[in-house]
Every structure is written in C-alpha cells, then in structure tokens.
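Source file: input-v9.txt; contents: compact mmCIF, C-alpha atoms.
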# COMPACT_ATOMS: atom_id res chain seq x y z
CA MET A 1 169.09 96.92 139.87
CA ALA A 2 171.01 94.31 141.81
CA ALA A 3 170.50 94.25 145.57
CA SER A 4 173.19 96.14 147.51
CA ASN A 5 175.79 94.33 149.59
CA GLU A 6 174.29 96.02 152.66
CA ARG A 7 170.82 94.66 151.93
CA ILE A 8 172.19 91.18 151.22
CA ARG A 9 174.08 91.24 154.51
CA GLU A 10 170.87 92.16 156.35
CA VAL A 11 169.08 89.17 154.81
CA VAL A 12 171.96 86.85 155.75
CA GLU A 13 171.83 88.15 159.31
CA SER A 14 168.05 87.66 159.43
CA TYR A 15 168.43 84.15 158.04
CA VAL A 16 171.02 83.10 160.63
CA SER A 17 168.96 84.63 163.43
CA LEU A 18 165.73 82.95 162.29
CA VAL A 19 167.41 79.55 161.85
CA GLY A 20 168.20 79.89 165.55
CA ASP A 21 164.78 80.85 166.85
CA GLY A 22 162.34 81.63 164.02
CA THR A 23 159.50 79.67 162.50
CA ALA A 24 159.79 77.76 159.23
CA ALA A 25 157.40 80.25 157.61
CA GLU A 26 159.53 83.23 158.71
CA ILE A 27 162.64 81.61 157.23
CA VAL A 28 160.95 80.59 153.97
CA ASP A 29 159.59 84.14 153.54
CA LEU A 30 163.22 85.20 152.90
CA PHE A 31 163.25 83.02 149.76
CA ALA A 32 162.03 84.02 146.29
CA GLU A 33 159.38 81.99 144.54
CA GLY A 34 161.00 79.05 142.78
CA ALA A 35 164.08 79.14 145.00
CA THR A 36 166.19 76.01 145.36
CA LEU A 37 167.78 74.56 148.48
CA GLU A 38 170.60 71.99 148.62
CA ASP A 39 171.52 71.12 152.22
CA PRO A 40 174.01 69.56 152.43
CA VAL A 41 175.62 70.04 149.01
CA GLY A 42 175.34 66.75 147.13
CA SER A 43 171.88 65.89 148.51
CA ALA A 44 168.57 66.16 146.64
CA VAL A 45 167.67 69.74 145.74
CA ARG A 46 164.44 71.02 147.30
CA THR A 47 162.49 73.17 144.87
CA THR A 48 159.03 73.98 146.25
CA ARG A 49 157.81 76.18 149.10
CA GLU A 50 156.29 73.07 150.69
CA GLU A 51 159.66 71.29 150.64
CA LEU A 52 161.37 74.33 152.14
CA LEU A 53 158.74 74.59 154.88
CA GLU A 54 159.17 70.89 155.63
CA PHE A 55 162.96 71.29 155.77
CA TYR A 56 163.00 74.25 158.15
CA GLY A 57 160.08 72.80 160.10
CA MET A 58 162.54 70.18 161.40
CA LEU A 59 164.23 72.97 163.39
CA GLU A 60 161.04 74.22 165.06
CA GLY A 61 160.71 73.34 168.73
CA LEU A 62 164.43 72.70 169.18
CA GLN A 63 166.36 74.87 171.65
CA GLN A 64 168.91 76.54 169.42
CA GLU A 65 171.36 79.40 169.30
CA SER A 66 172.91 80.73 166.11
CA ARG A 67 175.56 83.29 165.24
CA LEU A 68 177.11 84.59 162.04
CA VAL A 69 180.88 84.07 162.07
CA GLU A 70 182.07 85.40 158.69
CA CYS A 71 180.21 86.69 155.63
CA ARG A 72 181.57 87.55 152.17
CA ILE A 73 179.41 89.16 149.49
CA ALA A 74 180.20 89.48 145.78
CA GLY A 75 178.15 89.75 142.62
CA SER A 76 174.71 89.38 144.32
CA GLU A 77 175.86 86.21 146.05
CA ALA A 78 176.99 85.56 149.58
CA ALA A 79 179.15 82.90 151.23
CA PHE A 80 178.99 82.83 155.00
CA HIS A 81 180.14 80.72 157.90
CA PHE A 82 177.70 80.45 160.77
CA GLU A 83 177.32 78.35 163.88
CA LEU A 84 174.19 76.60 165.04
CA ARG A 85 174.09 75.14 168.55
CA THR A 86 171.29 72.76 169.48
CA ILE A 87 170.88 72.21 173.19
CA THR A 88 169.38 68.86 174.19
CA ASP A 89 169.28 66.71 177.32
CA GLY A 90 171.99 64.59 175.69
CA GLY A 91 174.39 67.49 175.16
CA THR A 92 174.97 70.46 172.90
CA PHE A 93 175.38 69.73 169.20
CA THR A 94 177.32 72.39 167.29
CA LEU A 95 177.37 72.60 163.50
CA GLY A 96 179.24 75.33 161.62
CA PRO A 97 178.26 75.19 157.94
CA ILE A 98 179.43 77.47 155.16
CA ASP A 99 176.36 78.46 153.14
CA VAL A 100 176.32 79.96 149.66
CA MET A 101 173.29 81.99 148.60
CA ARG A 102 172.22 83.80 145.45
CA PHE A 103 169.83 86.76 145.64
CA ASP A 104 167.42 88.47 143.26
CA ASP A 105 167.17 92.24 142.85
CA ASP A 106 164.90 92.42 145.91
CA ALA A 107 167.48 90.52 148.00
CA ARG A 108 165.27 87.46 148.20
CA ILE A 109 167.19 84.19 148.29
CA THR A 110 166.98 82.35 144.94
CA SER A 111 169.28 79.48 145.88
CA MET A 112 170.93 78.18 149.00
CA ARG A 113 173.65 75.51 149.15
CA ALA A 114 175.05 74.40 152.51
CA PHE A 115 178.56 72.97 152.84
CA TRP A 116 178.99 70.64 155.81
CA SER A 117 179.35 66.95 156.62
CA ASP A 118 178.98 64.79 159.71
CA GLU A 119 182.66 65.44 160.45
CA ASP A 120 181.80 69.07 161.14
CA MET A 121 179.37 68.27 163.96
CA THR A 122 180.73 68.45 167.50
CA ILE A 123 179.05 67.37 170.73
CA SER A 124 179.82 68.90 174.10
CA MET B 1 184.76 57.22 142.03
CA ALA B 2 184.45 60.66 143.57
CA ALA B 3 187.50 62.03 145.37
CA SER B 4 187.44 61.48 149.14
CA ASN B 5 186.90 64.35 151.55
CA GLU B 6 190.41 63.69 152.89
CA ARG B 7 191.96 64.07 149.44
CA ILE B 8 189.94 67.21 148.72
CA ARG B 9 191.08 68.71 152.03
CA GLU B 10 194.71 68.00 151.10
CA VAL B 11 194.28 69.84 147.81
CA VAL B 12 192.64 72.81 149.57
CA GLU B 13 195.54 72.92 152.03
CA SER B 14 198.06 72.76 149.17
CA TYR B 15 196.20 75.51 147.33
CA VAL B 16 196.18 77.87 150.32
CA SER B 17 199.83 77.17 151.03
CA LEU B 18 200.88 77.72 147.40
CA VAL B 19 198.86 80.95 147.10
CA GLY B 20 201.08 82.15 149.93
CA ASP B 21 204.47 81.16 148.56
CA GLY B 22 204.17 78.99 145.46
CA THR B 23 204.64 79.72 141.79
CA ALA B 24 201.75 80.30 139.40
CA ALA B 25 202.59 77.02 137.64
CA GLU B 26 202.47 75.08 140.93
CA ILE B 27 199.04 76.54 141.72
CA VAL B 28 197.64 75.97 138.23
CA ASP B 29 198.84 72.34 138.32
CA LEU B 30 196.14 71.74 140.97
CA PHE B 31 193.47 72.58 138.36
CA ALA B 32 191.94 70.17 135.83
CA GLU B 33 192.10 70.92 132.13
CA GLY B 34 189.23 73.24 131.19
CA ALA B 35 188.81 74.50 134.76
CA THR B 36 187.13 77.86 135.33
CA LEU B 37 188.08 80.61 137.75
CA GLU B 38 185.86 83.49 138.92
CA ASP B 39 187.71 85.78 141.35
CA PRO B 40 185.93 87.72 142.69
CA VAL B 41 182.46 86.27 142.06
CA GLY B 42 180.74 88.52 139.53
CA SER B 43 183.89 89.24 137.52
CA ALA B 44 184.78 87.72 134.13
CA VAL B 45 185.35 83.97 134.29
CA ARG B 46 188.86 82.84 133.33
CA THR B 47 188.76 79.63 131.29
CA THR B 48 192.22 78.81 129.89
CA ARG B 49 195.46 77.65 131.48
CA GLU B 50 197.10 80.82 130.16
CA GLU B 51 194.52 83.00 131.90
CA LEU B 52 194.97 81.07 135.15
CA LEU B 53 198.76 81.40 134.93
CA GLU B 54 198.40 85.13 134.30
CA PHE B 55 196.04 85.49 137.27
CA TYR B 56 198.23 83.66 139.78
CA GLY B 57 201.34 85.21 138.26
CA MET B 58 200.20 88.50 139.82
CA LEU B 59 200.99 86.99 143.24
CA GLU B 60 204.53 85.92 142.37
CA GLY B 61 207.27 88.03 143.91
CA LEU B 62 205.01 89.41 146.65
CA GLN B 63 205.87 88.68 150.27
CA GLN B 64 202.83 86.77 151.46
CA GLU B 65 201.59 84.54 154.23
CA SER B 66 198.49 82.41 154.00
CA ARG B 67 196.52 80.21 156.35
CA LEU B 68 193.39 78.10 156.11
CA VAL B 69 190.79 79.22 158.66
CA GLU B 70 187.78 76.96 158.05
CA CYS B 71 187.02 74.32 155.42
CA ARG B 72 183.76 72.49 154.71
CA ILE B 73 183.53 69.65 152.19
CA ALA B 74 180.38 68.11 150.73
CA GLY B 75 179.50 66.34 147.50
CA SER B 76 182.95 66.72 145.85
CA GLU B 77 182.91 70.45 146.52
CA ALA B 78 184.60 72.56 149.15
CA ALA B 79 183.90 75.96 150.69
CA PHE B 80 186.72 77.40 152.72
CA HIS B 81 187.70 80.60 154.46
CA PHE B 82 191.36 81.49 154.25
CA GLU B 83 193.51 84.49 155.00
CA LEU B 84 196.14 85.99 152.75
CA ARG B 85 198.50 88.62 154.17
CA THR B 86 200.63 90.65 151.79
CA ILE B 87 203.52 92.46 153.45
CA THR B 88 204.68 95.63 151.70
CA ASP B 89 206.63 98.75 152.65
CA GLY B 90 203.27 100.53 152.87
CA GLY B 91 201.79 98.11 155.38
CA THR B 92 200.28 94.65 155.60
CA PHE B 93 197.18 94.01 153.48
CA THR B 94 194.97 91.21 154.76
CA LEU B 95 192.23 89.61 152.68
CA GLY B 96 190.09 86.75 153.95
CA PRO B 97 188.04 85.34 151.06
CA ILE B 98 185.64 82.42 151.15
CA ASP B 99 186.39 80.25 148.12
CA VAL B 100 184.15 77.58 146.63
CA MET B 101 185.75 74.81 144.57
CA ARG B 102 184.49 71.81 142.66
CA PHE B 103 186.72 68.77 142.13
CA ASP B 104 186.90 65.91 139.64
CA ASP B 105 187.41 62.27 140.61
CA ASP B 106 191.18 62.85 140.82
CA ALA B 107 190.63 65.81 143.20
CA ARG B 108 191.74 68.30 140.58
CA ILE B 109 189.96 71.65 140.79
CA THR B 110 187.37 72.05 138.02
CA SER B 111 186.03 75.41 139.16
CA MET B 112 186.97 78.05 141.69
CA ARG B 113 184.81 80.99 142.75
CA ALA B 114 186.13 83.50 145.30
CA PHE B 115 183.77 85.53 147.50
CA TRP B 116 185.24 88.83 148.66
CA SER B 117 184.95 92.55 148.03
CA ASP B 118 187.08 95.61 148.74
CA GLU B 119 185.27 95.93 152.08
CA ASP B 120 186.95 92.70 153.20
CA MET B 121 190.49 94.08 152.78
CA THR B 122 192.17 95.46 155.89
CA ILE B 123 195.44 97.36 156.14
CA SER B 124 197.64 97.36 159.22
Before we go any further, please render this structure as structure tokens.
Amino acid sequence: MAASNERIREVVESYVSLVGDGTAAEIVDLFAEGATLEDPVGSAVRTTREELLEFYGMLEGLQQESRLVECRIAGSEAAFHFELRTITDGGTFTLGPIDVMRFDDDARITSMRAFWSDEDMTIS
Amino acid sequence: MAASNERIREVVESYVSLVGDGTAAEIVDLFAEGATLEDPVGSAVRTTREELLEFYGMLEGLQQESRLVECRIAGSEAAFHFELRTITDGGTFTLGPIDVMRFDDDARITSMRAFWSDEDMTIS
C-alpha cells in the first residue's frame, strides 16, 4: 500500500530538519536502497549510498538552520520549498530550493531532485 | 541550445498569468507538440492538444486571480509555487500548487506535473 500523505510529510519534515543539523548518515537513512539524487537538477545523478553520504557529508560541521516553507504531496511524491541558512564568519548564506521527492510504500525516499541555481542564493 | 533561465521564467510568468485570466487556447499555445500534463500528480496523464484544451477549458469563465509565489529553475526545468484564487458566490477558493515543468530549446513546455491535494484547498 502506498505511504500516506501524513507519513510522507513526516519524512519531509525530518529531512529538512536533518539537513539543518543532522549527520550525513541520519539523512541517508531516510533514503531507500538504490535511491537517486540530482542536486541541482541538471547535474550528475548520484546513485549509491556512498555518493549520497559524500554529498550530505559536505554539510556536516557547518552552522546551519533549516525550515520547511511549503509542502505539497500527491501520488506518493512530494514537492516542497525549504530554506537553508548557513552562518559563517563571512555572512549568512540563504538558499531556498524546491525539492521533488518520490517515496516507496514505506515512505523511504527513492529519488530526490533539487531545483535551484546560483541566482537563488542570497548573502546577508 | 537550451532555453535560458530568463526565457523559462518568462514562460512560467505567462503561464501563471494566463491560468488566472487567459483562454484555454492561449495557455495551450505555451506547450510543445506532444507535451504531457499530469494534474494532480498521480492522476491520468493528458497527452493530446485536445485533452489539454479540455483541461484548461474548465477554468474559462471563472473569476480568478493568480500570482507566482516562488520559482526555481535548473537544467531546463522549473519548479514553482503559485496561488490561484477562484471567486464564487459561495466564497473564495484558494489553491497553491507546486508545479514542475520541463521545457524544450524554444522554452515551450514539454511536460507539466502539478503537486497538490484537496488538503491544500482553502475556502474563505
């Protein structure tokens, strides 16, 4: 049976929260085996757990805050707008991607595609 | 050559504006031949110009206002959050889908997928 919208929303909320202050392993545990990741859309698709761990490992150690802005769920997929603020000595970098995720029946992420470009990054 | 982000953004803005107060033919003219439409995600995919005209024809004659809230563009695709308000004698119905579109080199829409569910409709 397909995962419920409620369960999918919980996973999206966990994902956004963990991108802010979780470990790479905690984030990757939300993904199904064989999941694919394209971030940003148009870049090379990551396909292995090692590649996913490497990708999210880049966030570890950074001082970050994240929040979910809007989330829409339909047909075992979700599209959501979230904001990720990275606080550095040189200023605060804010990126607000729109991510699209597919989920399996256990609400594990089977694919993630992130829509953003350099134009969407602001510095304050 | 792939359509520029600027051109894609113009088409998204035209689309949102026309969904508010355009004709079905004006909206469908933004699509490439053979384009597909899945609205909402998980429903049957519409594949012919006739089906697209029928779909957008449902909006004609309604009193509507639309606005683009957020738009992200990457790799000749766009994900955008917009708001569509339909004003009736029974109240104002507001729906705020997140749409995902692909574009050809001429910035014509080759596929559209709309993320929303009944839960995302508000009445005021």
Which residues are near stretch 74-82 of chain A? Cut-off 7 Å, all atoms listed in the file, ignore same chain within fewer than 3 positions. Put them as a short mmCIF file (atom, residue, chain, number, x, y, z; two decimals) with C-alpha atoms, keeping the file's coordinate frame.
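What follows is the written file result-v2.cif:
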data_model
loop_
_atom_site.label_atom_id
_atom_site.label_comp_id
_atom_site.auth_asym_id
_atom_site.auth_seq_id
_atom_site.Cartn_x
_atom_site.Cartn_y
_atom_site.Cartn_z
CA ALA A 2 171.01 94.31 141.81
CA ALA A 3 170.50 94.25 145.57
CA ARG A 67 175.56 83.29 165.24
CA LEU A 68 177.11 84.59 162.04
CA VAL A 69 180.88 84.07 162.07
CA GLU A 70 182.07 85.40 158.69
CA CYS A 71 180.21 86.69 155.63
CA GLY A 96 179.24 75.33 161.62
CA PRO A 97 178.26 75.19 157.94
CA ILE A 98 179.43 77.47 155.16
CA ASP A 99 176.36 78.46 153.14
CA VAL A 100 176.32 79.96 149.66
CA MET A 101 173.29 81.99 148.60
CA ARG A 102 172.22 83.80 145.45
CA PHE A 103 169.83 86.76 145.64
CA PRO B 40 185.93 87.72 142.69
CA VAL B 41 182.46 86.27 142.06
CA GLY B 42 180.74 88.52 139.53
CA ILE B 98 185.64 82.42 151.15
CA PHE B 115 183.77 85.53 147.50
CA TRP B 116 185.24 88.83 148.66
CA SER B 117 184.95 92.55 148.03
#
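Among the candidates A:Leu95, A:Ile73, A:Met121, A:Met112, the one nearest to A:Arg46 when counting all atoms listed in the file is A:Met112.
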Pairwise distance for atom CA of A:Glu38 and atom CA of A:Ala114, rounded to one decimal in Å: 6.4 Å
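You will find atom CA of B:Glu51 at 19.2 Å from atom CA of B:Val16.
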Best match for closeness to chain B among A:Ala25, A:Ala44, A:Val19, A:Leu59, counting only C-alpha atoms: A:Ala44
Point-to-point distance in Å for atom CA of A:Asp105 and atom CA of A:Asp21: 26.7 Å
Distance query A:Gly57 at most 8 Å, all atoms listed in the file, self and fewer than 4 positions along chain excluded, as a ChimeraX atom specification: /A:23-24,53
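The neighbours of B:Arg108 here are the residues that come within 6 Å of it, using all atoms listed in the file and leaving out any residue fewer than 5 positions away in the same chain; they are Leu30, Phe31, Ala32 and Phe103 of chain B.
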Dump C-alpha atoms for the selected residues as a PDB file, keeping the file's coordinate frame?
ATOM      1  CA  LEU B  30     196.140  71.740 140.970  1.00  0.00           C
ATOM      2  CA  PHE B  31     193.470  72.580 138.360  1.00  0.00           C
ATOM      3  CA  ALA B  32     191.940  70.170 135.830  1.00  0.00           C
ATOM      4  CA  PHE B 103     186.720  68.770 142.130  1.00  0.00           C
TER       5      PHE B 103
END
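In this comparison, which uses all atoms listed in the file, the residue of B:Ser43, B:Glu26, B:Arg72, B:Thr86 approaching A:Arg113 most closely is B:Arg72.
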A:Asp29 environment, 12 Å, all atoms listed in the file, sequence neighbours closer than 6 positions dropped, as number ranges by chain: A: 11, 14-15, 18, 22-23, 35, 49-50, 52-53, 56, 107-110
